[in-house]
Structures are given as C-alpha cells and as structure tokens.
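Q: My file is my_file21.cif. It has mmCIF, N, CA and C atoms:
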```
data_structure
#
loop_
_atom_site.label_atom_id
_atom_site.label_comp_id
_atom_site.auth_asym_id
_atom_site.auth_seq_id
_atom_site.Cartn_x
_atom_site.Cartn_y
_atom_site.Cartn_z
N MET A 1 -21.71 14.52 -39.38
CA MET A 1 -21.20 15.47 -38.40
C MET A 1 -20.61 14.73 -37.21
N ALA A 2 -19.59 15.30 -36.62
CA ALA A 2 -18.96 14.70 -35.44
C ALA A 2 -18.39 15.79 -34.55
N LEU A 3 -18.47 15.59 -33.25
CA LEU A 3 -17.80 16.49 -32.32
C LEU A 3 -16.29 16.31 -32.46
N VAL A 4 -15.55 17.41 -32.51
CA VAL A 4 -14.11 17.34 -32.70
C VAL A 4 -13.35 17.78 -31.46
N GLY A 5 -13.86 18.72 -30.73
CA GLY A 5 -13.15 19.21 -29.55
C GLY A 5 -13.79 20.46 -29.02
N MET A 6 -13.07 21.14 -28.17
CA MET A 6 -13.55 22.36 -27.55
C MET A 6 -12.74 23.52 -28.09
N ASN A 7 -13.42 24.53 -28.62
CA ASN A 7 -12.74 25.72 -29.09
C ASN A 7 -12.52 26.70 -27.95
N HIS A 8 -13.61 26.97 -27.20
CA HIS A 8 -13.49 27.88 -26.07
C HIS A 8 -14.65 27.69 -25.11
N VAL A 9 -14.48 28.27 -23.93
CA VAL A 9 -15.50 28.35 -22.91
C VAL A 9 -15.58 29.81 -22.51
N ALA A 10 -16.78 30.29 -22.23
CA ALA A 10 -16.96 31.67 -21.78
C ALA A 10 -17.37 31.67 -20.31
N LEU A 11 -16.67 32.47 -19.51
CA LEU A 11 -16.98 32.61 -18.09
C LEU A 11 -17.39 34.05 -17.81
N GLU A 12 -18.42 34.21 -16.98
CA GLU A 12 -18.85 35.54 -16.58
C GLU A 12 -18.06 35.99 -15.36
N VAL A 13 -17.55 37.19 -15.40
CA VAL A 13 -16.77 37.75 -14.30
C VAL A 13 -17.26 39.17 -14.03
N GLY A 14 -16.94 39.68 -12.85
CA GLY A 14 -17.37 41.03 -12.50
C GLY A 14 -16.46 42.12 -13.04
N SER A 15 -15.19 41.78 -13.27
CA SER A 15 -14.21 42.75 -13.76
C SER A 15 -13.18 42.02 -14.61
N ILE A 16 -12.97 42.52 -15.80
CA ILE A 16 -11.98 41.89 -16.69
C ILE A 16 -10.58 42.03 -16.10
N ASP A 17 -10.24 43.22 -15.62
CA ASP A 17 -8.91 43.43 -15.04
C ASP A 17 -8.67 42.51 -13.85
N GLU A 18 -9.65 42.41 -12.95
CA GLU A 18 -9.50 41.55 -11.78
C GLU A 18 -9.44 40.08 -12.18
N ALA A 19 -10.22 39.70 -13.18
CA ALA A 19 -10.21 38.30 -13.63
C ALA A 19 -8.85 37.95 -14.23
N LEU A 20 -8.30 38.84 -15.03
CA LEU A 20 -6.98 38.57 -15.61
C LEU A 20 -5.91 38.48 -14.53
N ALA A 21 -6.00 39.33 -13.52
CA ALA A 21 -5.04 39.27 -12.41
C ALA A 21 -5.19 37.96 -11.65
N PHE A 22 -6.43 37.51 -11.43
CA PHE A 22 -6.68 36.24 -10.75
C PHE A 22 -6.08 35.08 -11.55
N TRP A 23 -6.33 35.05 -12.85
CA TRP A 23 -5.81 33.97 -13.69
C TRP A 23 -4.28 33.98 -13.70
N GLU A 24 -3.68 35.16 -13.78
CA GLU A 24 -2.21 35.24 -13.77
C GLU A 24 -1.64 34.78 -12.44
N GLN A 25 -2.34 35.05 -11.36
CA GLN A 25 -1.88 34.61 -10.04
C GLN A 25 -1.81 33.09 -9.98
N LEU A 26 -2.77 32.42 -10.63
CA LEU A 26 -2.80 30.95 -10.62
C LEU A 26 -1.96 30.31 -11.70
N PHE A 27 -2.01 30.87 -12.90
CA PHE A 27 -1.45 30.19 -14.07
C PHE A 27 -0.23 30.89 -14.67
N GLY A 28 0.23 31.97 -14.08
CA GLY A 28 1.40 32.67 -14.60
C GLY A 28 1.03 33.63 -15.71
N PRO A 29 2.03 34.17 -16.40
CA PRO A 29 1.77 35.15 -17.45
C PRO A 29 0.80 34.59 -18.51
N LEU A 30 -0.13 35.44 -18.92
CA LEU A 30 -1.14 35.04 -19.90
C LEU A 30 -0.83 35.64 -21.26
N ARG A 31 -1.26 34.94 -22.30
CA ARG A 31 -1.27 35.49 -23.65
C ARG A 31 -2.73 35.75 -24.01
N LEU A 32 -3.01 36.95 -24.47
CA LEU A 32 -4.37 37.28 -24.87
C LEU A 32 -4.50 37.25 -26.38
N ARG A 33 -5.59 36.65 -26.86
CA ARG A 33 -5.91 36.69 -28.29
C ARG A 33 -6.52 38.02 -28.65
N GLY A 34 -7.14 38.63 -27.67
CA GLY A 34 -7.78 39.91 -27.89
C GLY A 34 -8.42 40.39 -26.61
N ARG A 35 -8.83 41.66 -26.62
CA ARG A 35 -9.44 42.23 -25.44
C ARG A 35 -10.25 43.45 -25.84
N SER A 36 -11.40 43.59 -25.19
CA SER A 36 -12.20 44.79 -25.32
C SER A 36 -12.56 45.23 -23.92
N GLY A 37 -13.40 46.23 -23.79
CA GLY A 37 -13.79 46.69 -22.46
C GLY A 37 -14.56 45.66 -21.67
N SER A 38 -15.27 44.77 -22.36
CA SER A 38 -16.12 43.81 -21.66
C SER A 38 -15.73 42.36 -21.86
N MET A 39 -14.65 42.10 -22.58
CA MET A 39 -14.21 40.72 -22.81
C MET A 39 -12.70 40.64 -22.92
N ALA A 40 -12.17 39.47 -22.54
CA ALA A 40 -10.76 39.16 -22.77
C ALA A 40 -10.69 37.70 -23.19
N PHE A 41 -9.83 37.40 -24.12
CA PHE A 41 -9.69 36.06 -24.65
C PHE A 41 -8.31 35.53 -24.28
N VAL A 42 -8.27 34.60 -23.31
CA VAL A 42 -7.02 34.05 -22.79
C VAL A 42 -6.61 32.88 -23.67
N ASP A 43 -5.48 33.01 -24.31
CA ASP A 43 -4.99 32.01 -25.25
C ASP A 43 -4.48 30.77 -24.53
N MET A 44 -4.81 29.60 -25.09
CA MET A 44 -4.33 28.31 -24.59
C MET A 44 -3.84 27.50 -25.79
N GLY A 45 -2.95 28.08 -26.56
CA GLY A 45 -2.47 27.39 -27.76
C GLY A 45 -3.52 27.43 -28.85
N ASP A 46 -4.15 26.29 -29.13
CA ASP A 46 -5.16 26.23 -30.17
C ASP A 46 -6.58 26.38 -29.61
N GLN A 47 -6.71 26.77 -28.35
CA GLN A 47 -7.99 26.99 -27.70
C GLN A 47 -7.91 28.27 -26.88
N PHE A 48 -9.04 28.68 -26.31
CA PHE A 48 -9.01 29.87 -25.45
C PHE A 48 -10.17 29.86 -24.48
N VAL A 49 -10.05 30.70 -23.45
CA VAL A 49 -11.13 30.97 -22.51
C VAL A 49 -11.53 32.42 -22.72
N ALA A 50 -12.82 32.64 -22.86
CA ALA A 50 -13.35 34.00 -22.98
C ALA A 50 -13.85 34.44 -21.61
N LEU A 51 -13.33 35.54 -21.11
CA LEU A 51 -13.79 36.12 -19.86
C LEU A 51 -14.69 37.29 -20.23
N MET A 52 -15.95 37.24 -19.78
CA MET A 52 -16.95 38.23 -20.16
C MET A 52 -17.45 38.97 -18.92
N ARG A 53 -17.45 40.29 -18.98
CA ARG A 53 -17.95 41.07 -17.85
C ARG A 53 -19.48 40.94 -17.79
N ALA A 54 -19.97 40.58 -16.64
CA ALA A 54 -21.41 40.46 -16.43
C ALA A 54 -21.71 40.93 -15.00
N THR A 55 -22.89 41.40 -14.78
CA THR A 55 -23.26 41.86 -13.44
C THR A 55 -24.57 41.23 -13.01
N GLY A 56 -24.68 41.02 -11.72
CA GLY A 56 -25.95 40.60 -11.16
C GLY A 56 -26.27 39.12 -11.19
N ALA A 57 -25.51 38.32 -11.85
CA ALA A 57 -25.82 36.89 -11.92
C ALA A 57 -25.25 36.18 -10.69
N ALA A 58 -26.07 35.35 -10.07
CA ALA A 58 -25.60 34.57 -8.93
C ALA A 58 -24.79 33.38 -9.43
N PRO A 59 -23.73 33.00 -8.73
CA PRO A 59 -22.93 31.85 -9.16
C PRO A 59 -23.75 30.57 -9.16
N ASP A 60 -23.51 29.75 -10.13
CA ASP A 60 -24.14 28.43 -10.20
C ASP A 60 -23.34 27.48 -9.33
N VAL A 61 -24.00 26.55 -8.67
CA VAL A 61 -23.31 25.64 -7.76
C VAL A 61 -22.60 24.51 -8.48
N HIS A 62 -23.16 24.05 -9.60
CA HIS A 62 -22.63 22.86 -10.27
C HIS A 62 -21.91 23.14 -11.58
N ARG A 63 -22.27 24.19 -12.27
CA ARG A 63 -21.65 24.48 -13.56
C ARG A 63 -20.16 24.72 -13.33
N HIS A 64 -19.32 24.19 -14.21
CA HIS A 64 -17.88 24.33 -14.04
C HIS A 64 -17.17 24.20 -15.39
N VAL A 65 -15.89 24.50 -15.36
CA VAL A 65 -15.06 24.33 -16.54
C VAL A 65 -13.78 23.61 -16.10
N GLY A 66 -13.33 22.68 -16.93
CA GLY A 66 -12.07 21.97 -16.66
C GLY A 66 -10.93 22.71 -17.34
N ILE A 67 -9.94 23.06 -16.57
CA ILE A 67 -8.77 23.77 -17.08
C ILE A 67 -7.58 22.80 -17.07
N VAL A 68 -6.97 22.63 -18.22
CA VAL A 68 -5.82 21.73 -18.35
C VAL A 68 -4.54 22.53 -18.17
N VAL A 69 -3.66 22.03 -17.30
CA VAL A 69 -2.38 22.70 -17.03
C VAL A 69 -1.25 21.69 -17.15
N ASP A 70 -0.03 22.19 -17.21
CA ASP A 70 1.13 21.30 -17.29
C ASP A 70 1.59 20.82 -15.92
N ASP A 71 1.15 21.49 -14.85
CA ASP A 71 1.57 21.10 -13.51
C ASP A 71 0.49 21.50 -12.50
N LYS A 72 -0.42 20.58 -12.24
CA LYS A 72 -1.55 20.84 -11.35
C LYS A 72 -1.10 21.22 -9.94
N GLU A 73 -0.07 20.57 -9.43
CA GLU A 73 0.37 20.85 -8.06
C GLU A 73 0.99 22.23 -7.93
N ALA A 74 1.59 22.75 -8.99
CA ALA A 74 2.10 24.12 -8.96
C ALA A 74 0.94 25.11 -8.87
N VAL A 75 -0.16 24.81 -9.56
CA VAL A 75 -1.35 25.66 -9.47
C VAL A 75 -1.93 25.59 -8.06
N ARG A 76 -1.98 24.38 -7.50
CA ARG A 76 -2.48 24.23 -6.12
C ARG A 76 -1.64 25.11 -5.17
N SER A 77 -0.33 25.05 -5.30
CA SER A 77 0.55 25.85 -4.44
C SER A 77 0.29 27.34 -4.60
N ALA A 78 0.11 27.79 -5.84
CA ALA A 78 -0.16 29.21 -6.09
C ALA A 78 -1.50 29.61 -5.48
N ALA A 79 -2.50 28.76 -5.61
CA ALA A 79 -3.83 29.06 -5.05
C ALA A 79 -3.77 29.14 -3.53
N VAL A 80 -3.14 28.16 -2.92
CA VAL A 80 -3.03 28.15 -1.45
C VAL A 80 -2.26 29.38 -0.97
N ALA A 81 -1.17 29.71 -1.66
CA ALA A 81 -0.39 30.89 -1.29
C ALA A 81 -1.21 32.18 -1.39
N ALA A 82 -2.19 32.18 -2.32
CA ALA A 82 -3.04 33.36 -2.50
C ALA A 82 -4.25 33.34 -1.57
N GLY A 83 -4.35 32.30 -0.73
CA GLY A 83 -5.47 32.23 0.19
C GLY A 83 -6.76 31.74 -0.43
N ILE A 84 -6.67 31.07 -1.56
CA ILE A 84 -7.84 30.55 -2.25
C ILE A 84 -8.13 29.15 -1.74
N GLU A 85 -9.37 28.91 -1.38
CA GLU A 85 -9.77 27.58 -0.90
C GLU A 85 -9.74 26.59 -2.06
N VAL A 86 -9.10 25.45 -1.83
CA VAL A 86 -9.00 24.41 -2.85
C VAL A 86 -9.50 23.08 -2.28
N SER A 87 -9.87 22.18 -3.19
CA SER A 87 -10.31 20.85 -2.79
C SER A 87 -9.11 20.03 -2.34
N ARG A 88 -9.40 18.90 -1.73
CA ARG A 88 -8.35 18.00 -1.27
C ARG A 88 -7.81 17.19 -2.44
N PRO A 89 -6.51 16.87 -2.40
CA PRO A 89 -5.93 16.02 -3.45
C PRO A 89 -6.63 14.67 -3.49
N PRO A 90 -6.70 14.02 -4.63
CA PRO A 90 -5.95 14.35 -5.83
C PRO A 90 -6.63 15.38 -6.73
N SER A 91 -7.93 15.69 -6.50
CA SER A 91 -8.58 16.67 -7.37
C SER A 91 -8.11 18.08 -6.99
N LEU A 92 -8.34 19.02 -7.91
CA LEU A 92 -8.04 20.42 -7.64
C LEU A 92 -9.19 21.27 -8.18
N ASP A 93 -10.13 21.57 -7.31
CA ASP A 93 -11.26 22.42 -7.64
C ASP A 93 -11.11 23.71 -6.84
N LEU A 94 -11.42 24.84 -7.47
CA LEU A 94 -11.40 26.12 -6.78
C LEU A 94 -12.38 27.06 -7.48
N ARG A 95 -12.78 28.09 -6.78
CA ARG A 95 -13.69 29.08 -7.36
C ARG A 95 -12.97 30.41 -7.53
N ASP A 96 -13.30 31.08 -8.63
CA ASP A 96 -12.78 32.43 -8.83
C ASP A 96 -13.62 33.39 -7.99
N PRO A 97 -13.26 34.67 -7.92
CA PRO A 97 -14.01 35.61 -7.08
C PRO A 97 -15.48 35.77 -7.47
N TRP A 98 -15.89 35.33 -8.66
CA TRP A 98 -17.27 35.47 -9.12
C TRP A 98 -18.04 34.17 -9.00
N GLY A 99 -17.42 33.17 -8.39
CA GLY A 99 -18.11 31.91 -8.15
C GLY A 99 -17.97 30.87 -9.23
N ASN A 100 -17.23 31.15 -10.30
CA ASN A 100 -17.01 30.15 -11.34
C ASN A 100 -16.16 29.02 -10.77
N LEU A 101 -16.61 27.80 -10.93
CA LEU A 101 -15.87 26.64 -10.44
C LEU A 101 -14.88 26.19 -11.50
N LEU A 102 -13.60 26.18 -11.15
CA LEU A 102 -12.54 25.72 -12.05
C LEU A 102 -12.06 24.36 -11.54
N GLN A 103 -12.16 23.35 -12.39
CA GLN A 103 -11.60 22.05 -12.06
C GLN A 103 -10.30 21.94 -12.84
N VAL A 104 -9.19 22.01 -12.12
CA VAL A 104 -7.87 22.04 -12.72
C VAL A 104 -7.36 20.60 -12.84
N VAL A 105 -6.97 20.21 -14.05
CA VAL A 105 -6.47 18.86 -14.30
C VAL A 105 -5.10 18.94 -14.96
N ASP A 106 -4.29 17.92 -14.73
CA ASP A 106 -2.94 17.86 -15.26
C ASP A 106 -2.96 17.19 -16.63
N TYR A 107 -2.39 17.85 -17.63
CA TYR A 107 -2.35 17.33 -19.00
C TYR A 107 -1.84 15.90 -19.05
N ARG A 108 -0.84 15.60 -18.24
CA ARG A 108 -0.20 14.29 -18.28
C ARG A 108 -1.15 13.17 -17.87
N GLU A 109 -2.21 13.50 -17.11
CA GLU A 109 -3.06 12.48 -16.50
C GLU A 109 -4.40 12.26 -17.20
N ILE A 110 -4.68 13.00 -18.28
CA ILE A 110 -6.00 12.90 -18.90
C ILE A 110 -5.88 12.52 -20.37
N GLN A 111 -7.02 12.17 -20.98
CA GLN A 111 -7.03 11.74 -22.37
C GLN A 111 -6.80 12.89 -23.34
N PHE A 112 -7.23 14.10 -23.00
CA PHE A 112 -7.07 15.27 -23.86
C PHE A 112 -5.63 15.36 -24.36
N THR A 113 -5.48 15.51 -25.66
CA THR A 113 -4.14 15.50 -26.26
C THR A 113 -3.97 16.64 -27.26
N LYS A 114 -2.83 17.28 -27.22
CA LYS A 114 -2.45 18.28 -28.22
C LYS A 114 -1.33 17.67 -29.07
N THR A 115 -1.26 18.09 -30.31
CA THR A 115 -0.21 17.59 -31.19
C THR A 115 1.16 18.07 -30.69
N PRO A 116 2.22 17.35 -31.03
CA PRO A 116 3.56 17.81 -30.62
C PRO A 116 3.86 19.22 -31.12
N GLU A 117 3.36 19.57 -32.30
CA GLU A 117 3.61 20.91 -32.84
C GLU A 117 2.94 21.99 -32.00
N ILE A 118 1.70 21.73 -31.56
CA ILE A 118 1.01 22.71 -30.71
C ILE A 118 1.73 22.82 -29.37
N LEU A 119 2.08 21.68 -28.76
CA LEU A 119 2.81 21.72 -27.49
C LEU A 119 4.12 22.50 -27.63
N ALA A 120 4.86 22.25 -28.70
CA ALA A 120 6.13 22.96 -28.91
C ALA A 120 5.88 24.45 -29.06
N GLY A 121 4.84 24.82 -29.79
CA GLY A 121 4.51 26.22 -29.98
C GLY A 121 4.11 26.91 -28.68
N MET A 122 3.63 26.12 -27.72
CA MET A 122 3.25 26.66 -26.41
C MET A 122 4.41 26.62 -25.42
N GLY A 123 5.59 26.15 -25.86
CA GLY A 123 6.73 26.03 -24.98
C GLY A 123 6.65 24.82 -24.06
N LEU A 124 5.88 23.79 -24.47
CA LEU A 124 5.68 22.61 -23.65
C LEU A 124 6.15 21.33 -24.34
N ALA A 125 7.13 21.45 -25.22
CA ALA A 125 7.64 20.28 -25.93
C ALA A 125 8.09 19.23 -24.92
N GLY A 126 7.76 17.98 -25.20
CA GLY A 126 8.19 16.89 -24.33
C GLY A 126 7.25 16.60 -23.18
N LEU A 127 6.14 17.32 -23.07
CA LEU A 127 5.17 17.03 -22.01
C LEU A 127 4.52 15.69 -22.31
N GLU A 128 4.75 14.71 -21.46
CA GLU A 128 4.32 13.33 -21.72
C GLU A 128 3.10 12.94 -20.90
N LYS A 129 2.36 11.96 -21.40
CA LYS A 129 1.20 11.41 -20.71
C LYS A 129 1.65 10.33 -19.71
N THR A 130 0.85 10.13 -18.66
CA THR A 130 1.11 9.03 -17.74
C THR A 130 0.72 7.72 -18.42
N ASP A 131 1.19 6.61 -17.88
CA ASP A 131 0.82 5.30 -18.42
C ASP A 131 -0.69 5.10 -18.38
N ALA A 132 -1.34 5.56 -17.32
CA ALA A 132 -2.79 5.41 -17.19
C ALA A 132 -3.53 6.19 -18.28
N ALA A 133 -3.09 7.41 -18.55
CA ALA A 133 -3.72 8.21 -19.60
C ALA A 133 -3.51 7.56 -20.97
N LEU A 134 -2.30 7.06 -21.21
CA LEU A 134 -2.03 6.37 -22.49
C LEU A 134 -2.89 5.12 -22.63
N ALA A 135 -3.10 4.38 -21.54
CA ALA A 135 -3.94 3.18 -21.58
C ALA A 135 -5.38 3.55 -21.95
N GLU A 136 -5.88 4.66 -21.39
CA GLU A 136 -7.23 5.12 -21.72
C GLU A 136 -7.33 5.47 -23.20
N LEU A 137 -6.31 6.16 -23.71
CA LEU A 137 -6.30 6.51 -25.12
C LEU A 137 -6.23 5.28 -26.01
N ARG A 138 -5.39 4.31 -25.65
CA ARG A 138 -5.28 3.07 -26.42
C ARG A 138 -6.60 2.31 -26.45
N ALA A 139 -7.28 2.27 -25.30
CA ALA A 139 -8.55 1.56 -25.20
C ALA A 139 -9.60 2.14 -26.14
N LYS A 140 -9.45 3.40 -26.48
CA LYS A 140 -10.38 4.06 -27.42
C LYS A 140 -9.83 4.08 -28.84
N GLY A 141 -8.65 3.48 -29.04
CA GLY A 141 -8.04 3.49 -30.36
C GLY A 141 -7.48 4.84 -30.75
N LEU A 142 -7.09 5.65 -29.76
CA LEU A 142 -6.62 7.00 -30.03
C LEU A 142 -5.12 7.18 -29.80
N ALA A 143 -4.41 6.09 -29.48
CA ALA A 143 -2.96 6.22 -29.27
C ALA A 143 -2.26 5.03 -29.88
#
```
Once you've parsed the file, please lay out its structure as structure tokens.
A:
Amino acid sequence: MALVGMNHVALEVGSIDEALAFWEQLFGPLRLRGRSGSMAFVDMGDQFVALMRATGAAPDVHRHVGIVVDDKEAVRSAAVAAGIEVSRPPSLDLRDPWGNLLQVVDYREIQFTKTPEILAGMGLAGLEKTDAALAELRAKGLA
C-alpha cells in the first residue's frame, strides 16, 4: 500500500449558500460536482472540497487546509477587496466566516503536480512550475 494523493477535504460551514458565495468571491466561478441541502462538492479538476453544513462547533485554531490556485496574489487581492484579513506575504492564510483556516498556495511554487491533460481540462494549459519547485521535484526523483 502507498499514499497516492488527496481526493478531497471536508470543511464544516454554517451555510452552504454563504460558503459557496465566499469561495466564489475569492476563487471566481465554481464548478460543483454535486450539491444537497447540507453539502456541496466544489470541483478542482481531479479533486474536490466538500463543504458540509454543521452547527455549534467552535473553530479550531490550528487545523487548516491548503488550497492550490493558479495565482495566489489574485486571491490575496480579492480577499483584501472583500475586507478579509490575510497574512503577510509571502504566505497567504485567511479564515472563512466559520473559522476554517485556508492556506492558499500557488501551483507554480509547490511540488504538487497535475498532469498536462488535467491542467488542460481545467483551462490551465501551460501553467508552469518555478525553478525552485522543479528542483524540489527533481531531488525526490519526481521530475
């Protein structure tokens, strides 16, 4: 057996409609894999985030999820424009209205890799890694 990757992460939110509006404000139009009254599945190509309605749970201080985007600084600008408190560069950490900590990272700068076919299917053909990210991948024999 071997770990292969991440299929999805589930986040607890107070309202599915409000959570989807929050995500769209930061990340633009969303594609949903599915939706019910208490859950929504936000598509990320070959992965997804499950937003689950929950009540009464206090936010955890340290638990977080890393969200990979094609342009971290564009997300920072959208968050700041929406009045959302963000961390100082170069990191981009922010909390949703329910206290979930989102650590936003730029695809180009990290080891996480999608196949060219998946990127093309997501409308991100040609999204390249930085030299530093490629060096990390090479050091692990992954590039």
Q: Going by DSSP on the backbone, which residues of range 2-136 of chain A come out as strand (DSSP E or B)? List them as a ChimeraX atom specification.
A: /A:8-13,32-35,39-44,47-53,64-69,86,93-95,101-106
Q: Could you check how far CA of Met39 in chain A sits from atom C of His8 in chain A, in Å to one decimal?
A: 13.2 Å
Q: Applied to the shown file, which residues does the PyMOL selection byres (((chain A and resi 131 and name CA) around 12) and name CA) return, written as a short mmCIF file (atom, residue, chain, number, x, y, z; two decimals) with N, CA and C atoms, in the frame of the given file?
A:
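selection-v2.cif written:
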```cif
data_model
loop_
_atom_site.label_atom_id
_atom_site.label_comp_id
_atom_site.auth_asym_id
_atom_site.auth_seq_id
_atom_site.Cartn_x
_atom_site.Cartn_y
_atom_site.Cartn_z
N ARG A 108 -0.84 15.60 -18.24
CA ARG A 108 -0.20 14.29 -18.28
C ARG A 108 -1.15 13.17 -17.87
N GLU A 109 -2.21 13.50 -17.11
CA GLU A 109 -3.06 12.48 -16.50
C GLU A 109 -4.40 12.26 -17.20
N ILE A 110 -4.68 13.00 -18.28
CA ILE A 110 -6.00 12.90 -18.90
C ILE A 110 -5.88 12.52 -20.37
N GLN A 111 -7.02 12.17 -20.98
CA GLN A 111 -7.03 11.74 -22.37
C GLN A 111 -6.80 12.89 -23.34
N GLU A 128 4.75 14.71 -21.46
CA GLU A 128 4.32 13.33 -21.72
C GLU A 128 3.10 12.94 -20.90
N LYS A 129 2.36 11.96 -21.40
CA LYS A 129 1.20 11.41 -20.71
C LYS A 129 1.65 10.33 -19.71
N THR A 130 0.85 10.13 -18.66
CA THR A 130 1.11 9.03 -17.74
C THR A 130 0.72 7.72 -18.42
N ALA A 132 -1.34 5.56 -17.32
CA ALA A 132 -2.79 5.41 -17.19
C ALA A 132 -3.53 6.19 -18.28
N ALA A 133 -3.09 7.41 -18.55
CA ALA A 133 -3.72 8.21 -19.60
C ALA A 133 -3.51 7.56 -20.97
N LEU A 134 -2.30 7.06 -21.21
CA LEU A 134 -2.03 6.37 -22.49
C LEU A 134 -2.89 5.12 -22.63
N ALA A 135 -3.10 4.38 -21.54
CA ALA A 135 -3.94 3.18 -21.58
C ALA A 135 -5.38 3.55 -21.95
N GLU A 136 -5.88 4.66 -21.39
CA GLU A 136 -7.23 5.12 -21.72
C GLU A 136 -7.33 5.47 -23.20
N LEU A 137 -6.31 6.16 -23.71
CA LEU A 137 -6.30 6.51 -25.12
C LEU A 137 -6.23 5.28 -26.01
N ARG A 138 -5.39 4.31 -25.65
CA ARG A 138 -5.28 3.07 -26.42
C ARG A 138 -6.60 2.31 -26.45
N ALA A 143 -4.41 6.09 -29.48
CA ALA A 143 -2.96 6.22 -29.27
C ALA A 143 -2.26 5.03 -29.88
#
```
Q: Restricting the calculation to all atoms listed in the file: of A:Met44, A:Leu119, A:His62, A:Glu18, which residue gets closest to Leu32 in chain A?
A: A:Met44
Q: When distances are computed from all atoms listed in the file, which of A:Leu127, A:Ile84, A:Val49, A:Leu26 shows the smallest separation from Tyr107 in chain A?
A: A:Leu127
Q: Any chance you could list, as a list of chain:residue names, the residues in range 48-92 of chain A that come up helix (DSSP H, G or I) when DSSP is run on the backbone?
A: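 Filtering range 48-92 of chain A down to helix (DSSP H, G or I) leaves A:Lys72, A:Glu73, A:Ala74, A:Val75, A:Arg76, A:Ser77, A:Ala78, A:Ala79, A:Val80, A:Ala81.
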Q: Measuring between only C-alpha atoms, which one of A:Gln25, A:Arg95, A:Arg31, A:Gly126 shows the shortest distance to Ala81 in chain A?
A: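 Looking at the shortest contact to Ala81 in chain A, the residue is A:Gln25.
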Q: Any chance you could work out the residue set of the PyMOL selection byres ((chain A and resi 45) around 8) here, as a short mmCIF file (atom, residue, chain, number, x, y, z; two decimals) with N, CA and C atoms, in the coordinates of the input?
A:
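The result, written out as part-v2.cif:
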```
data_model
loop_
_atom_site.label_atom_id
_atom_site.label_comp_id
_atom_site.auth_asym_id
_atom_site.auth_seq_id
_atom_site.Cartn_x
_atom_site.Cartn_y
_atom_site.Cartn_z
N VAL A 42 -8.27 34.60 -23.31
CA VAL A 42 -7.02 34.05 -22.79
C VAL A 42 -6.61 32.88 -23.67
N ASP A 43 -5.48 33.01 -24.31
CA ASP A 43 -4.99 32.01 -25.25
C ASP A 43 -4.48 30.77 -24.53
N MET A 44 -4.81 29.60 -25.09
CA MET A 44 -4.33 28.31 -24.59
C MET A 44 -3.84 27.50 -25.79
N ASP A 46 -4.15 26.29 -29.13
CA ASP A 46 -5.16 26.23 -30.17
C ASP A 46 -6.58 26.38 -29.61
N GLN A 47 -6.71 26.77 -28.35
CA GLN A 47 -7.99 26.99 -27.70
C GLN A 47 -7.91 28.27 -26.88
N PHE A 48 -9.04 28.68 -26.31
CA PHE A 48 -9.01 29.87 -25.45
C PHE A 48 -10.17 29.86 -24.48
N ILE A 118 1.70 21.73 -31.56
CA ILE A 118 1.01 22.71 -30.71
C ILE A 118 1.73 22.82 -29.37
N LEU A 119 2.08 21.68 -28.76
CA LEU A 119 2.81 21.72 -27.49
C LEU A 119 4.12 22.50 -27.63
N GLY A 121 4.84 24.82 -29.79
CA GLY A 121 4.51 26.22 -29.98
C GLY A 121 4.11 26.91 -28.68
N MET A 122 3.63 26.12 -27.72
CA MET A 122 3.25 26.66 -26.41
C MET A 122 4.41 26.62 -25.42
#
```
Q: Using the chain letters and residue numbers of this document, give as a list of chain:residue names the residues selected by the PyMOL selection byres ((chain A and resi 50) around 5).
A: A:Val9, A:Ala10, A:Leu11, A:Ala40, A:Phe41, A:Val42, A:Phe48, A:Val49, A:Leu51, A:Met52
Q: In Å, how far is it from atom N of Gln103 in chain A to atom C of Arg63 in chain A?
A: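 Those two atoms sit 8.2 Å apart.
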Q: Return the single residue from A:Leu124, A:Phe27, A:Asp71, A:Phe112 that is closest to Val4 in chain A, with distances computed using only C-alpha atoms.
A: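 Distance minimum relative to Val4 in chain A lands on A:Phe112.
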Q: Could you please determine the separation between atom N of Pro97 in chain A and atom C of Phe22 in chain A in Å, to one decimal place?
A: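 A separation of 8.1 Å between them.
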Q: Measuring atom to atom with all atoms listed in the file, identify which of A:Ala125, A:Ala120, A:Met1, A:Val105 is nearest to Lys72 in chain A.
A: A:Val105
Q: Please produce range 3-10 of chain A, completed to N, CA, C and O atoms, as a short mmCIF file (atom, residue, chain, number, x, y, z; two decimals), in the coordinates of the input.
A:
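Contents of selection.cif, as written:
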```cif
data_model
loop_
_atom_site.label_atom_id
_atom_site.label_comp_id
_atom_site.auth_asym_id
_atom_site.auth_seq_id
_atom_site.Cartn_x
_atom_site.Cartn_y
_atom_site.Cartn_z
N LEU A 3 -18.47 15.59 -33.25
CA LEU A 3 -17.80 16.49 -32.32
C LEU A 3 -16.29 16.31 -32.46
O LEU A 3 -15.81 15.18 -32.52
N VAL A 4 -15.55 17.41 -32.51
CA VAL A 4 -14.11 17.34 -32.70
C VAL A 4 -13.35 17.78 -31.46
O VAL A 4 -12.28 17.26 -31.16
N GLY A 5 -13.86 18.72 -30.73
CA GLY A 5 -13.15 19.21 -29.55
C GLY A 5 -13.79 20.46 -29.02
O GLY A 5 -14.91 20.81 -29.39
N MET A 6 -13.07 21.14 -28.17
CA MET A 6 -13.55 22.36 -27.55
C MET A 6 -12.74 23.52 -28.09
O MET A 6 -11.51 23.51 -28.04
N ASN A 7 -13.42 24.53 -28.62
CA ASN A 7 -12.74 25.72 -29.09
C ASN A 7 -12.52 26.70 -27.95
O ASN A 7 -11.43 27.21 -27.75
N HIS A 8 -13.61 26.97 -27.20
CA HIS A 8 -13.49 27.88 -26.07
C HIS A 8 -14.65 27.69 -25.11
O HIS A 8 -15.63 27.05 -25.43
N VAL A 9 -14.48 28.27 -23.93
CA VAL A 9 -15.50 28.35 -22.91
C VAL A 9 -15.58 29.81 -22.51
O VAL A 9 -14.56 30.50 -22.46
N ALA A 10 -16.78 30.29 -22.23
CA ALA A 10 -16.96 31.67 -21.78
C ALA A 10 -17.37 31.67 -20.31
O ALA A 10 -18.27 30.94 -19.92
#
```
